[in-house]
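See below for structure.pdb, which holds PDB, C-alpha atoms.
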MODEL        1
ATOM      1  CA  MET A   1    -133.679  93.452 129.917  1.00  0.00           C
ATOM      2  CA  ASP A   2    -133.982  96.440 132.208  1.00  0.00           C
ATOM      3  CA  VAL A   3    -135.201  96.252 135.819  1.00  0.00           C
ATOM      4  CA  GLU A   4    -138.823  97.052 134.926  1.00  0.00           C
ATOM      5  CA  GLU A   5    -138.932  94.352 132.241  1.00  0.00           C
ATOM      6  CA  THR A   6    -137.312  91.827 134.600  1.00  0.00           C
ATOM      7  CA  GLY A   7    -139.861  92.749 137.269  1.00  0.00           C
ATOM      8  CA  LEU A   8    -142.814  92.275 134.914  1.00  0.00           C
ATOM      9  CA  ARG A   9    -141.438  88.993 133.611  1.00  0.00           C
ATOM     10  CA  ALA A  10    -141.035  87.774 137.205  1.00  0.00           C
ATOM     11  CA  ARG A  11    -144.578  88.955 138.049  1.00  0.00           C
ATOM     12  CA  LEU A  12    -145.993  86.971 135.138  1.00  0.00           C
ATOM     13  CA  VAL A  13    -144.136  83.825 136.227  1.00  0.00           C
ATOM     14  CA  ALA A  14    -145.188  84.354 139.868  1.00  0.00           C
ATOM     15  CA  ALA A  15    -148.815  84.789 138.795  1.00  0.00           C
ATOM     16  CA  GLY A  16    -148.569  81.575 136.795  1.00  0.00           C
ATOM     17  CA  VAL A  17    -147.010  79.686 139.711  1.00  0.00           C
ATOM     18  CA  ASP A  18    -149.770  80.879 142.037  1.00  0.00           C
ATOM     19  CA  LEU A  19    -152.430  79.972 139.493  1.00  0.00           C
ATOM     20  CA  VAL A  20    -151.113  76.440 138.866  1.00  0.00           C
ATOM     21  CA  LEU A  21    -150.753  75.794 142.593  1.00  0.00           C
ATOM     22  CA  ARG A  22    -154.292  76.986 143.337  1.00  0.00           C
ATOM     23  CA  GLU A  23    -156.223  75.797 140.288  1.00  0.00           C
ATOM     24  CA  GLY A  24    -154.091  73.316 138.357  1.00  0.00           C
ATOM     25  CA  GLN A  25    -152.396  73.395 134.990  1.00  0.00           C
ATOM     26  CA  ALA A  26    -155.647  73.599 133.013  1.00  0.00           C
ATOM     27  CA  ALA A  27    -156.141  77.135 134.368  1.00  0.00           C
ATOM     28  CA  LEU A  28    -152.882  78.427 132.859  1.00  0.00           C
ATOM     29  CA  SER A  29    -154.157  80.591 130.021  1.00  0.00           C
ATOM     30  CA  LEU A  30    -152.145  83.618 128.927  1.00  0.00           C
ATOM     31  CA  ARG A  31    -155.153  85.856 129.592  1.00  0.00           C
ATOM     32  CA  GLU A  32    -155.645  84.617 133.149  1.00  0.00           C
ATOM     33  CA  ILE A  33    -151.955  84.899 133.988  1.00  0.00           C
ATOM     34  CA  ALA A  34    -151.908  88.442 132.585  1.00  0.00           C
ATOM     35  CA  ARG A  35    -155.050  89.368 134.530  1.00  0.00           C
ATOM     36  CA  ARG A  36    -153.560  88.089 137.786  1.00  0.00           C
ATOM     37  CA  ALA A  37    -150.294  89.899 137.088  1.00  0.00           C
ATOM     38  CA  GLY A  38    -152.266  93.110 136.490  1.00  0.00           C
ATOM     39  CA  VAL A  39    -151.190  93.614 132.881  1.00  0.00           C
ATOM     40  CA  SER A  40    -152.908  93.610 129.496  1.00  0.00           C
ATOM     41  CA  HIS A  41    -153.637  90.248 127.934  1.00  0.00           C
ATOM     42  CA  GLY A  42    -151.003  90.918 125.258  1.00  0.00           C
ATOM     43  CA  ALA A  43    -148.205  91.740 127.705  1.00  0.00           C
ATOM     44  CA  PRO A  44    -147.026  88.160 128.261  1.00  0.00           C
ATOM     45  CA  ARG A  45    -146.144  87.846 124.546  1.00  0.00           C
ATOM     46  CA  ARG A  46    -143.569  90.598 124.980  1.00  0.00           C
ATOM     47  CA  TYR A  47    -141.562  88.445 127.378  1.00  0.00           C
ATOM     48  CA  PHE A  48    -142.675  84.974 126.351  1.00  0.00           C
ATOM     49  CA  PRO A  49    -143.121  84.617 122.577  1.00  0.00           C
ATOM     50  CA  THR A  50    -145.151  81.437 122.964  1.00  0.00           C
ATOM     51  CA  HIS A  51    -147.423  79.925 125.574  1.00  0.00           C
ATOM     52  CA  VAL A  52    -144.888  77.074 125.898  1.00  0.00           C
ATOM     53  CA  ASP A  53    -142.196  79.622 126.865  1.00  0.00           C
ATOM     54  CA  LEU A  54    -144.320  80.943 129.736  1.00  0.00           C
ATOM     55  CA  LEU A  55    -145.360  77.457 130.864  1.00  0.00           C
ATOM     56  CA  SER A  56    -141.700  76.391 130.777  1.00  0.00           C
ATOM     57  CA  ALA A  57    -140.743  79.362 132.982  1.00  0.00           C
ATOM     58  CA  ILE A  58    -143.462  78.364 135.448  1.00  0.00           C
ATOM     59  CA  ALA A  59    -142.340  74.714 135.390  1.00  0.00           C
ATOM     60  CA  ARG A  60    -138.743  75.838 136.052  1.00  0.00           C
ATOM     61  CA  GLU A  61    -139.982  77.332 139.307  1.00  0.00           C
ATOM     62  CA  GLY A  62    -141.502  73.972 140.191  1.00  0.00           C
ATOM     63  CA  PHE A  63    -138.210  72.199 139.505  1.00  0.00           C
ATOM     64  CA  ALA A  64    -136.376  74.800 141.608  1.00  0.00           C
ATOM     65  CA  ASP A  65    -138.807  74.154 144.482  1.00  0.00           C
ATOM     66  CA  LEU A  66    -138.515  70.362 144.188  1.00  0.00           C
ATOM     67  CA  THR A  67    -134.718  70.603 143.923  1.00  0.00           C
ATOM     68  CA  ALA A  68    -134.544  72.704 147.098  1.00  0.00           C
ATOM     69  CA  ARG A  69    -136.711  70.161 148.921  1.00  0.00           C
ATOM     70  CA  VAL A  70    -134.583  67.250 147.714  1.00  0.00           C
ATOM     71  CA  GLU A  71    -131.376  69.044 148.727  1.00  0.00           C
ATOM     72  CA  GLN A  72    -132.782  69.647 152.214  1.00  0.00           C
ATOM     73  CA  THR A  73    -133.908  66.029 152.403  1.00  0.00           C
ATOM     74  CA  MET A  74    -130.421  64.834 151.452  1.00  0.00           C
ATOM     75  CA  ARG A  75    -128.875  67.030 154.177  1.00  0.00           C
ATOM     76  CA  ASP A  76    -131.323  65.684 156.780  1.00  0.00           C
ATOM     77  CA  ALA A  77    -131.339  61.998 155.789  1.00  0.00           C
ATOM     78  CA  GLY A  78    -127.922  60.984 157.057  1.00  0.00           C
ATOM     79  CA  PRO A  79    -125.218  59.006 155.246  1.00  0.00           C
ATOM     80  CA  ASP A  80    -126.963  55.657 154.563  1.00  0.00           C
ATOM     81  CA  PRO A  81    -127.797  55.534 150.824  1.00  0.00           C
ATOM     82  CA  ARG A  82    -130.930  53.371 151.265  1.00  0.00           C
ATOM     83  CA  THR A  83    -132.280  55.800 153.883  1.00  0.00           C
ATOM     84  CA  ARG A  84    -131.440  58.735 151.612  1.00  0.00           C
ATOM     85  CA  LEU A  85    -133.163  57.044 148.669  1.00  0.00           C
ATOM     86  CA  ALA A  86    -136.297  56.359 150.714  1.00  0.00           C
ATOM     87  CA  ALA A  87    -136.285  59.985 151.915  1.00  0.00           C
ATOM     88  CA  LEU A  88    -135.888  61.275 148.344  1.00  0.00           C
ATOM     89  CA  ALA A  89    -138.795  59.079 147.203  1.00  0.00           C
ATOM     90  CA  ARG A  90    -140.931  60.316 150.116  1.00  0.00           C
ATOM     91  CA  THR A  91    -140.114  63.937 149.196  1.00  0.00           C
ATOM     92  CA  TYR A  92    -141.084  63.269 145.569  1.00  0.00           C
ATOM     93  CA  LEU A  93    -144.444  61.728 146.503  1.00  0.00           C
ATOM     94  CA  ASP A  94    -145.160  64.470 149.063  1.00  0.00           C
ATOM     95  CA  PHE A  95    -144.376  67.181 146.494  1.00  0.00           C
ATOM     96  CA  ALA A  96    -146.667  65.503 143.967  1.00  0.00           C
ATOM     97  CA  ALA A  97    -149.513  65.332 146.483  1.00  0.00           C
ATOM     98  CA  ALA A  98    -149.104  68.883 147.771  1.00  0.00           C
ATOM     99  CA  HIS A  99    -148.487  70.537 144.384  1.00  0.00           C
ATOM    100  CA  ARG A 100    -150.447  68.407 141.970  1.00  0.00           C
ATOM    101  CA  GLY A 101    -150.947  71.021 139.250  1.00  0.00           C
ATOM    102  CA  MET A 102    -147.286  72.034 139.298  1.00  0.00           C
ATOM    103  CA  PHE A 103    -146.188  68.378 139.350  1.00  0.00           C
ATOM    104  CA  GLU A 104    -148.268  67.636 136.253  1.00  0.00           C
ATOM    105  CA  LEU A 105    -146.977  70.751 134.477  1.00  0.00           C
ATOM    106  CA  MET A 106    -143.333  69.980 135.257  1.00  0.00           C
ATOM    107  CA  PHE A 107    -143.400  66.604 133.543  1.00  0.00           C
ATOM    108  CA  ARG A 108    -145.373  67.526 130.424  1.00  0.00           C
ATOM    109  CA  HIS A 109    -143.523  65.997 127.489  1.00  0.00           C
ATOM    110  CA  ASP A 110    -144.241  68.966 125.201  1.00  0.00           C
ATOM    111  CA  LEU A 111    -142.502  71.329 127.619  1.00  0.00           C
ATOM    112  CA  LEU A 112    -139.531  69.076 128.327  1.00  0.00           C
ATOM    113  CA  ASP A 113    -139.116  68.290 124.633  1.00  0.00           C
ATOM    114  CA  SER A 114    -139.466  71.898 123.448  1.00  0.00           C
ATOM    115  CA  GLY A 115    -135.987  72.964 124.524  1.00  0.00           C
ATOM    116  CA  ARG A 116    -137.511  76.149 125.924  1.00  0.00           C
ATOM    117  CA  LEU A 117    -135.521  77.650 128.799  1.00  0.00           C
ATOM    118  CA  ARG A 118    -133.452  74.448 128.937  1.00  0.00           C
ATOM    119  CA  LEU A 119    -136.153  72.847 131.057  1.00  0.00           C
ATOM    120  CA  ARG A 120    -134.850  69.320 130.485  1.00  0.00           C
ATOM    121  CA  GLU A 121    -131.433  70.390 131.825  1.00  0.00           C
ATOM    122  CA  THR A 122    -133.180  71.728 134.935  1.00  0.00           C
ATOM    123  CA  SER A 123    -134.766  68.340 135.614  1.00  0.00           C
ATOM    124  CA  LEU A 124    -131.760  66.109 134.893  1.00  0.00           C
ATOM    125  CA  PRO A 125    -129.765  66.903 138.085  1.00  0.00           C
ATOM    126  CA  LEU A 126    -132.643  65.509 140.157  1.00  0.00           C
ATOM    127  CA  PHE A 127    -132.501  62.284 138.173  1.00  0.00           C
ATOM    128  CA  ALA A 128    -128.719  62.186 138.643  1.00  0.00           C
ATOM    129  CA  VAL A 129    -129.200  62.229 142.445  1.00  0.00           C
ATOM    130  CA  LEU A 130    -131.662  59.339 142.144  1.00  0.00           C
ATOM    131  CA  ALA A 131    -129.383  57.355 139.809  1.00  0.00           C
ATOM    132  CA  ASP A 132    -126.375  57.869 142.079  1.00  0.00           C
ATOM    133  CA  LEU A 133    -128.275  56.574 145.107  1.00  0.00           C
ATOM    134  CA  VAL A 134    -129.618  53.616 143.132  1.00  0.00           C
ATOM    135  CA  ALA A 135    -126.053  52.777 142.039  1.00  0.00           C
ATOM    136  CA  GLN A 136    -125.008  52.676 145.707  1.00  0.00           C
ATOM    137  CA  VAL A 137    -127.960  50.551 146.870  1.00  0.00           C
ATOM    138  CA  ARG A 138    -128.853  48.172 144.025  1.00  0.00           C
ATOM    139  CA  ARG A 139    -128.442  44.438 144.043  1.00  0.00           C
ATOM    140  CA  PRO A 140    -125.907  42.933 141.680  1.00  0.00           C
ATOM    141  CA  THR A 141    -127.594  42.922 138.265  1.00  0.00           C
ATOM    142  CA  ASP A 142    -126.878  43.408 134.601  1.00  0.00           C
ATOM    143  CA  THR A 143    -129.237  46.385 134.527  1.00  0.00           C
ATOM    144  CA  PRO A 144    -127.291  49.664 134.496  1.00  0.00           C
ATOM    145  CA  ALA A 145    -128.023  51.952 137.461  1.00  0.00           C
ATOM    146  CA  PRO A 146    -129.561  54.724 135.299  1.00  0.00           C
ATOM    147  CA  VAL A 147    -132.009  52.226 133.771  1.00  0.00           C
ATOM    148  CA  LEU A 148    -132.924  50.851 137.187  1.00  0.00           C
ATOM    149  CA  ALA A 149    -133.297  54.430 138.481  1.00  0.00           C
ATOM    150  CA  GLY A 150    -135.553  55.206 135.519  1.00  0.00           C
ATOM    151  CA  ALA A 151    -137.745  52.226 136.330  1.00  0.00           C
ATOM    152  CA  LEU A 152    -137.949  53.280 139.980  1.00  0.00           C
ATOM    153  CA  TRP A 153    -138.756  56.862 138.995  1.00  0.00           C
ATOM    154  CA  ALA A 154    -141.496  55.643 136.639  1.00  0.00           C
ATOM    155  CA  ASN A 155    -142.893  53.541 139.478  1.00  0.00           C
ATOM    156  CA  LEU A 156    -142.848  56.510 141.887  1.00  0.00           C
ATOM    157  CA  HIS A 157    -144.409  58.793 139.284  1.00  0.00           C
ATOM    158  CA  GLY A 158    -147.114  56.207 138.673  1.00  0.00           C
ATOM    159  CA  ILE A 159    -147.795  55.937 142.407  1.00  0.00           C
ATOM    160  CA  ALA A 160    -148.090  59.727 142.611  1.00  0.00           C
ATOM    161  CA  GLN A 161    -150.500  59.965 139.676  1.00  0.00           C
ATOM    162  CA  LEU A 162    -152.609  56.922 140.502  1.00  0.00           C
ATOM    163  CA  TRP A 163    -152.854  57.995 144.152  1.00  0.00           C
ATOM    164  CA  ALA A 164    -153.967  61.500 143.118  1.00  0.00           C
ATOM    165  CA  TRP A 165    -156.592  60.046 140.777  1.00  0.00           C
ATOM    166  CA  GLY A 166    -157.916  57.833 143.587  1.00  0.00           C
ATOM    167  CA  SER A 167    -157.164  54.588 141.764  1.00  0.00           C
ATOM    168  CA  LEU A 168    -154.577  53.196 144.180  1.00  0.00           C
ATOM    169  CA  PRO A 169    -156.528  53.875 147.382  1.00  0.00           C
ATOM    170  CA  LEU A 170    -159.528  52.185 145.785  1.00  0.00           C
ATOM    171  CA  ALA A 171    -157.587  49.182 144.461  1.00  0.00           C
ATOM    172  CA  THR A 172    -155.373  48.625 147.503  1.00  0.00           C
ATOM    173  CA  ASP A 173    -157.655  49.842 150.289  1.00  0.00           C
ATOM    174  CA  ALA A 174    -154.599  51.753 151.577  1.00  0.00           C
ATOM    175  CA  HIS A 175    -155.046  54.906 153.627  1.00  0.00           C
ATOM    176  CA  ASP A 176    -151.691  56.366 152.680  1.00  0.00           C
ATOM    177  CA  ASP A 177    -148.990  55.648 150.124  1.00  0.00           C
ATOM    178  CA  GLU A 178    -146.208  54.540 152.500  1.00  0.00           C
ATOM    179  CA  ALA A 179    -146.657  50.796 151.908  1.00  0.00           C
ATOM    180  CA  LEU A 180    -146.615  51.415 148.148  1.00  0.00           C
ATOM    181  CA  LEU A 181    -143.427  53.437 148.478  1.00  0.00           C
ATOM    182  CA  ARG A 182    -141.727  50.656 150.464  1.00  0.00           C
ATOM    183  CA  ALA A 183    -142.947  48.038 147.979  1.00  0.00           C
ATOM    184  CA  ALA A 184    -141.566  50.058 145.039  1.00  0.00           C
ATOM    185  CA  LEU A 185    -138.162  50.383 146.690  1.00  0.00           C
ATOM    186  CA  ASP A 186    -138.078  46.686 147.575  1.00  0.00           C
ATOM    187  CA  ALA A 187    -139.204  45.642 144.087  1.00  0.00           C
ATOM    188  CA  HIS A 188    -136.455  47.626 142.373  1.00  0.00           C
ATOM    189  CA  LEU A 189    -133.665  47.363 144.925  1.00  0.00           C
ATOM    190  CA  GLY A 190    -134.406  44.265 146.955  1.00  0.00           C
ATOM    191  CA  PRO A 191    -135.686  44.215 150.516  1.00  0.00           C
ATOM    192  CA  THR A 192    -133.991  46.295 153.169  1.00  0.00           C
ATOM    193  CA  ARG A 193    -131.187  44.387 154.850  1.00  0.00           C
ATOM    194  CA  HIS A 194    -131.285  44.339 158.624  1.00  0.00           C
TER     195      HIS A 194
ENDMDL
END

Will you turn the file into structure tokens for me?
Amino acid sequence: MDVEETGLRARLVAAGVDLVLREGQAALSLREIARRAGVSHGAPRRYFPTHVDLLSAIAREGFADLTARVEQTMRDAGPDPRTRLAALARTYLDFAAAHRGMFELMFRHDLLDSGRLRLRETSLPLFAVLADLVAQVRRPTDTPAPVLAGALWANLHGIAQLWAWGSLPLATDAHDDEALLRAALDAHLGPTRH
């Protein structure tokens, strides 16, 4: 790809990122992305043969953003693995709340399963950080750390989605998700030792 083609490809992805952040994943049509990038509606097909290819490129940007936030969180959290795990979970929930459309796009099964742009490989290092911290913190159990980390991740993802939909605030009468976050960590890892 020459510089002009790389620039147009990047413009299309940037337009898609902006669109998903402002209006959610339902707004991500090829036509609207092309319009916002200032190109013809057929131009995206030149760089992204399918709609899934373009959505995967946009989701990659979301994973890059989340990864950068998690890396910063890990630098700032100090050496205690339980503190680092709580900080990672907080970062995950904050990202989900602040970037709801991108969060939903990033975890779409059809994109992760498509193999496009190796999206699954982009997401796995984040899970590895979670699994490593869980392995350091967990109670003695027969459950392997990756399985326990998967259960915790599913719990956090559920908190993020149910909070965004308004179900958890309604059911729990909570004003923020901090108590739910602490309860999820305690349920999967045991209470914090003092």

> Quick one: which residues end up in the PyMOL selection byres ((chain A and resi 72-76) around 10) for this structure, as a ChimeraX atom specification?
Replying inline: /A:66-71,77-79,81,83-85,87-91,129

> For this file, the PyMOL selection byres ((chain A and resi 26) around 12) selects which residues, as a list of chain:residue names?
Replying inline: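 Checked against the file, the PyMOL selection byres ((chain A and resi 26) around 12) matches A:Gly16, A:Leu19, A:Val20, A:Leu21, A:Arg22, A:Glu23, A:Gly24, A:Gln25, A:Ala27, A:Leu28, A:Ser29, A:Leu30, A:Glu32, A:Ile33, A:Leu55, A:Arg100, A:Gly101, A:Met102, A:Glu104, A:Leu105.
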
>> To test your reading of the syntax: which residues would the PyMOL selection byres ((chain A and resi 36-51) around 12) return for the file shown? Reply as number ranges by chain.
In response: A: 1, 4-20, 27-35, 52-58, 110-111, 114, 116-117

>> From the options A:Ala145, A:Ala164, A:Ala64, A:Ala183, which residue's atoms come nearest to A:Leu133, counting all atoms listed in the file?
In response: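 Of all the options, A:Ala145 lies closest to A:Leu133.
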
>> Taking only C-alpha atoms into account, name the residue in A:Ala86, A:Leu119, A:Leu162, A:Ala59 that is nearest to A:Met106.
In response: A:Ala59

>> Let me make sure I understand: among A:Asp80, A:Glu121, A:Asp173, A:Asp132, which one has the smallest atom-to-atom distance to A:Pro146 if we use all atoms listed in the file?
In response: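 Smallest distance to A:Pro146 is found for A:Asp132.
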
>> Using only C-alpha atoms, which protein or nucleic acid residues come within 12 Å of A:Gly190? Drop anything in the same chain fewer than 3 positions from it, and give the result as a PyMOL selection string.
In response: chain A and resi 82+134+137-141+148+152+182-187+193

For those residues, write C-alpha atoms to a file as a compact mmCIF listing (two decimals), in the frame of the given file.
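Dumped everything to result20.txt:
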# COMPACT_ATOMS: atom_id res chain seq x y z
CA ARG A 82 -130.93 53.37 151.26
CA VAL A 134 -129.62 53.62 143.13
CA VAL A 137 -127.96 50.55 146.87
CA ARG A 138 -128.85 48.17 144.02
CA ARG A 139 -128.44 44.44 144.04
CA PRO A 140 -125.91 42.93 141.68
CA THR A 141 -127.59 42.92 138.26
CA LEU A 148 -132.92 50.85 137.19
CA LEU A 152 -137.95 53.28 139.98
CA ARG A 182 -141.73 50.66 150.46
CA ALA A 183 -142.95 48.04 147.98
CA ALA A 184 -141.57 50.06 145.04
CA LEU A 185 -138.16 50.38 146.69
CA ASP A 186 -138.08 46.69 147.57
CA ALA A 187 -139.20 45.64 144.09
CA ARG A 193 -131.19 44.39 154.85

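Atom to atom, atom CA of A:Ala96 and atom CA of A:Gly115 stand 23.4 Å apart.
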
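What separates atom CA of A:Ala97 from atom CA of A:Thr122 is a distance of 21.0 Å.
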
> What does the distance from atom CA of A:Leu181 to atom CA of A:Leu112 come to in Å, to one decimal?
Replying inline: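 Those two atoms sit 25.8 Å apart.
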
As JSON, please report the centre and edge lengths, rounded to one decimal in Å, of the axis-aligned box that holds all listed atoms of stretch 15-27 of chain A with 5 Å of padding on each of the six sides.
{"center_x": -151.6, "center_y": 79.1, "center_z": 138.2, "size_x": 19.2, "size_y": 21.5, "size_z": 20.3}

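Comparing A:Ala154, A:Ala149, A:Ala135, A:Leu180 by their smallest distance to A:Phe107, the closest is A:Ala154 (using all atoms listed in the file).
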
> For A:Phe103, which of A:Thr172, A:Thr192, A:Thr143, A:Gln161 is the closest residue, counting all atoms listed in the file?
Replying inline: A:Gln161

> With all atoms listed in the file as the basis for distance, which of A:Asp113, A:Glu61, A:Asp142, A:Ala151 is at the shortest distance from A:Phe127?
Replying inline: A:Ala151

Could you write stretch 91-107 of chain A as a tab-separated table (two decimals), keeping the file's coordinate frame, with N, CA, C and O atoms rebuilt where they are missing?
chain	number	residue	atom	x	y	z
A	91	THR	N	-140.04	62.52	149.58
A	91	THR	CA	-140.11	63.94	149.20
A	91	THR	C	-140.81	64.09	147.85
A	91	THR	O	-141.65	64.99	147.67
A	92	TYR	N	-140.48	63.23	146.91
A	92	TYR	CA	-141.08	63.27	145.57
A	92	TYR	C	-142.59	63.05	145.65
A	92	TYR	O	-143.37	63.81	145.08
A	93	LEU	N	-143.01	62.01	146.38
A	93	LEU	CA	-144.44	61.73	146.50
A	93	LEU	C	-145.17	62.83	147.27
A	93	LEU	O	-146.29	63.21	146.91
A	94	ASP	N	-144.54	63.37	148.31
A	94	ASP	CA	-145.16	64.47	149.06
A	94	ASP	C	-145.31	65.72	148.20
A	94	ASP	O	-146.33	66.40	148.26
A	95	PHE	N	-144.29	66.02	147.39
A	95	PHE	CA	-144.38	67.18	146.49
A	95	PHE	C	-145.51	66.99	145.50
A	95	PHE	O	-146.30	67.91	145.27
A	96	ALA	N	-145.61	65.79	144.95
A	96	ALA	CA	-146.67	65.50	143.97
A	96	ALA	C	-148.05	65.69	144.59
A	96	ALA	O	-148.95	66.24	143.96
A	97	ALA	N	-148.21	65.23	145.82
A	97	ALA	CA	-149.51	65.33	146.48
A	97	ALA	C	-149.85	66.77	146.85
A	97	ALA	O	-151.00	67.20	146.71
A	98	ALA	N	-148.86	67.52	147.31
A	98	ALA	CA	-149.10	68.88	147.77
A	98	ALA	C	-149.19	69.90	146.63
A	98	ALA	O	-149.81	70.95	146.78
A	99	HIS	N	-148.58	69.58	145.50
A	99	HIS	CA	-148.49	70.54	144.38
A	99	HIS	C	-148.87	69.84	143.08
A	99	HIS	O	-148.13	69.87	142.10
A	100	ARG	N	-150.04	69.26	143.08
A	100	ARG	CA	-150.45	68.41	141.97
A	100	ARG	C	-150.40	69.11	140.61
A	100	ARG	O	-149.88	68.58	139.63
A	101	GLY	N	-150.95	70.30	140.53
A	101	GLY	CA	-150.95	71.02	139.25
A	101	GLY	C	-149.54	71.31	138.76
A	101	GLY	O	-149.23	71.13	137.57
A	102	MET	N	-148.67	71.75	139.67
A	102	MET	CA	-147.29	72.03	139.30
A	102	MET	C	-146.59	70.74	138.90
A	102	MET	O	-145.86	70.70	137.90
A	103	PHE	N	-146.80	69.67	139.65
A	103	PHE	CA	-146.19	68.38	139.35
A	103	PHE	C	-146.57	67.94	137.93
A	103	PHE	O	-145.70	67.52	137.15
A	104	GLU	N	-147.82	68.03	137.59
A	104	GLU	CA	-148.27	67.64	136.25
A	104	GLU	C	-147.65	68.52	135.18
A	104	GLU	O	-147.23	68.04	134.12
A	105	LEU	N	-147.57	69.82	135.44
A	105	LEU	CA	-146.98	70.75	134.48
A	105	LEU	C	-145.49	70.44	134.26
A	105	LEU	O	-145.01	70.41	133.12
A	106	MET	N	-144.78	70.18	135.34
A	106	MET	CA	-143.33	69.98	135.26
A	106	MET	C	-142.95	68.82	134.36
A	106	MET	O	-141.89	68.86	133.72
A	107	PHE	N	-143.77	67.80	134.29
A	107	PHE	CA	-143.40	66.60	133.54
A	107	PHE	C	-144.15	66.47	132.22
A	107	PHE	O	-144.15	65.38	131.64
